[in-house]
Protein chains: 2
Amino acid sequence: MSVLPPAPLFTQSADAAQLQEFSSFISELSKISGAIIRGHYLSGAAVESKSDQSPVTAADRETEQALRAAIMTRYPHHGIIGEEFGPHRQDAEYCWILDPIDGTKAFVTNCYIFGTLISLTYRGRPIIGALHSPLMEHLLVGTAAGTTLNGKPVGMRSCNAIGDAMLLATDHWDIFKYHNGPAFELLSREARLYRGWGDCHGYFQLATGGADIMLDPVLKIWDIMSFIPIIEGAGGRITDWQGNTPIGATSIVATGGAIHDAVLRVLNP
Amino acid sequence: MSVLPPAPLFTQSADAAQLQEFSSFISELSKISGAIIRGHYLSGAAVESKSDQSPVTAADRETEQALRAAIMTRYPHHGIIGEEFGPHRQDAEYCWILDPIDGTKAFVTNCYIFGTLISLTYRGRPIIGALHSPLMEHLLVGTAAGTTLNGKPVGMRSCNAIGDAMLLATDHWDIFKYHNGPAFELLSREARLYRGWGDCHGYFQLATGGADIMLDPVLKIWDIMSFIPIIEGAGGRITDWQGNTPIGATSIVATGGAIHDAVLRVLNP
């Protein structure tokens, strides 16, 4: 058996004091966003709404505004890129990337698997990434030094064959729309189990040792940045659909590492 | 526009005093099962386990044993049918049907969408059905008189066309294995949105007005019974894959009612 070379690390290293400071601040931010989002979840408005848009937008915007205000107060020289309100000082060395509700479709349809994404980049590379479930108050924080869930280390499980893998993917038909659908179909039939549990929660399942492959066919920067430190810190590998850097990508393949190349080969025949 | 005839009700009517008594008891049972299951979720054992079996079985069995003990103490003449320990006095007039963890695959892979199913049948027909999420402490209780979430009435939203529907299904490839796969593919492409969020949580999303169609390709009695009062009490319709009674069925199609026949026609061309 040959020893695999270490996977390239897209997460920027940072010193322990910095990571401690940013982790604490992200924990404060999560308390702010969590309280707002819980107030909107399963509210009468969401249940009565005929359109999926209005209640979401309210929850999304209110959350992002609160996060931006907290960041601008604490770090006035940092940049911010958020899904709802666009970029602010985006050329700053440090830049916060925000997705107030990742998994909007889950949120408005009363599914539990959505969350808030917060990451910090230094010169364009993430140094810390976080996923917070407002419902469960689970805070997953990843850095090059490791990934923790509510402060306790977590890590990916070992999986050496696609036939043993639990595969997750956000949107079945979007994969056929944006990538090689029949190749994905082959992968999803070859895997031990395939489920459509995606968005941010797919990365949660991987990083906590519950699943082995997570596919996202189409993403924006605020979806991706947090996942890079979370997956790499948990010992996994994360690339775009073709195996290139996930920074600036519009798709994601994340695995525990050992089967990454095999997955890419099936997806890109 | 013709007025549709009322859908047949598979839920047995019961008087208000009975329903109040059984609802209170189910609430007590949920506290028992919830405490046990939360203790197993994301525990070290589950994270470290290489096989999906051992931690699940422990959580499943411990939960069902506790529920059975509580039922036998309170209602010694009632019957019990549970997933883990088989039938007990199953010919009794009143029989409790238990699935300690519905969505086992979600539970062991650290997904949030699993729950405990508890229902009570009278002479073979359900009079009350409940779904409890141990993580969220959401208790959904359905009867012929209505469905409530933690005591507050909920109901399905209106959806008159498949093109407007949010479709949920538990297992993509199981549908191809047990039913007409291409017909399902057509439905899933025709719907406004299709997601693989299933097991008990799909019924939760329907009953709380978040989604419109829920499909389960292959089920056992302990999966089905709770869903009948929950969906009917929320104003929806529930049948097997071909439109027949869900009592004793091995598959489920649940909708808000108006599109039920249209969905059946697509699934059974």
# chains A, B, ... in the order shown; residues from 1 in each chain; ligands from 1

$ select_by_dssp --residues "segment 10-199 of chain A" --states "helix (DSSP H, G or I)" --output "number ranges by chain"
A: 16-40, 44-48, 53-74, 104-108, 162-164, 172-178, 181-190, 199

$ interface_residues --of "chain A" --to "chain B" --cutoff "6 Å" --atoms "only C-alpha atoms" --output "PDB file with N, CA and C atoms, in the first residue's frame"
ATOM      1  N   VAL A  47     -45.825  29.825   8.554  1.00  0.00           N
ATOM      2  CA  VAL A  47     -46.825  28.800   8.294  1.00  0.00           C
ATOM      3  C   VAL A  47     -47.913  29.314   7.352  1.00  0.00           C
ATOM      4  N   THR A 109     -39.532  25.586   4.894  1.00  0.00           N
ATOM      5  CA  THR A 109     -40.431  24.441   4.789  1.00  0.00           C
ATOM      6  C   THR A 109     -40.452  23.627   6.093  1.00  0.00           C
ATOM      7  N   ASN A 110     -39.923  24.215   7.163  1.00  0.00           N
ATOM      8  CA  ASN A 110     -39.972  23.618   8.503  1.00  0.00           C
ATOM      9  C   ASN A 110     -39.080  22.393   8.669  1.00  0.00           C
ATOM     10  N   GLY A 196     -30.609  12.923   0.509  1.00  0.00           N
ATOM     11  CA  GLY A 196     -30.646  14.315   0.073  1.00  0.00           C
ATOM     12  C   GLY A 196     -30.597  15.287   1.243  1.00  0.00           C
ATOM     13  N   GLN A 205     -22.516  16.770   9.204  1.00  0.00           N
ATOM     14  CA  GLN A 205     -22.520  15.306   9.321  1.00  0.00           C
ATOM     15  C   GLN A 205     -21.143  14.727   9.016  1.00  0.00           C
ATOM     16  N   GLY A 209     -18.163  12.999  11.901  1.00  0.00           N
ATOM     17  CA  GLY A 209     -17.960  11.565  11.752  1.00  0.00           C
ATOM     18  C   GLY A 209     -19.218  10.771  11.458  1.00  0.00           C
ATOM     19  N   GLY A 210     -20.228  11.415  10.883  1.00  0.00           N
ATOM     20  CA  GLY A 210     -21.481  10.718  10.594  1.00  0.00           C
ATOM     21  C   GLY A 210     -21.668  10.318   9.149  1.00  0.00           C
ATOM     22  N   ALA A 211     -20.956  10.963   8.220  1.00  0.00           N
ATOM     23  CA  ALA A 211     -21.112  10.659   6.795  1.00  0.00           C
ATOM     24  C   ALA A 211     -19.765  10.837   6.100  1.00  0.00           C
TER      25      ALA A 211
END

$ residues_around --residues "Glu64 of chain A" --least-positions-apart "2" --cutoff "9 Å" --atoms "only C-alpha atoms" --output "list in words"
Ser33, Ala59, Asp60, Arg61, Glu62, Ala66, Leu67, Arg68, Ala69, Gly82, Glu83, Glu84, Phe85, Leu98, Asp99, Pro100 and Ile101 of chain A

$ residues_around --residues "Asn150 of chain B" --least-positions-apart "6" --cutoff "7 Å" --atoms "only C-alpha atoms" --output "ChimeraX atom specification"
/B:138-140

$ closest_residue --among "A:Asp91, A:Asp199, A:Glu21, A:Asp15" --to "Ser133 of chain A" --atoms "only C-alpha atoms"
A:Asp199

$ atom_distance --atom1 "atom CA of Trp222 of chain B" --atom2 "atom CA of Gly79 of chain B"
13.5 Å

$ atom_distance --atom1 "atom CA of Gln18 of chain B" --atom2 "atom CA of Pro87 of chain B"
23.6 Å

$ select_by_dssp --residues "segment 10-249 of chain B" --states "strand (DSSP E or B)" --output "ChimeraX atom specification"
/B:79-82,86-88,94-102,115-122,125-133,138-143,146-149,152-154,166-169,193-196,213-216,237-239
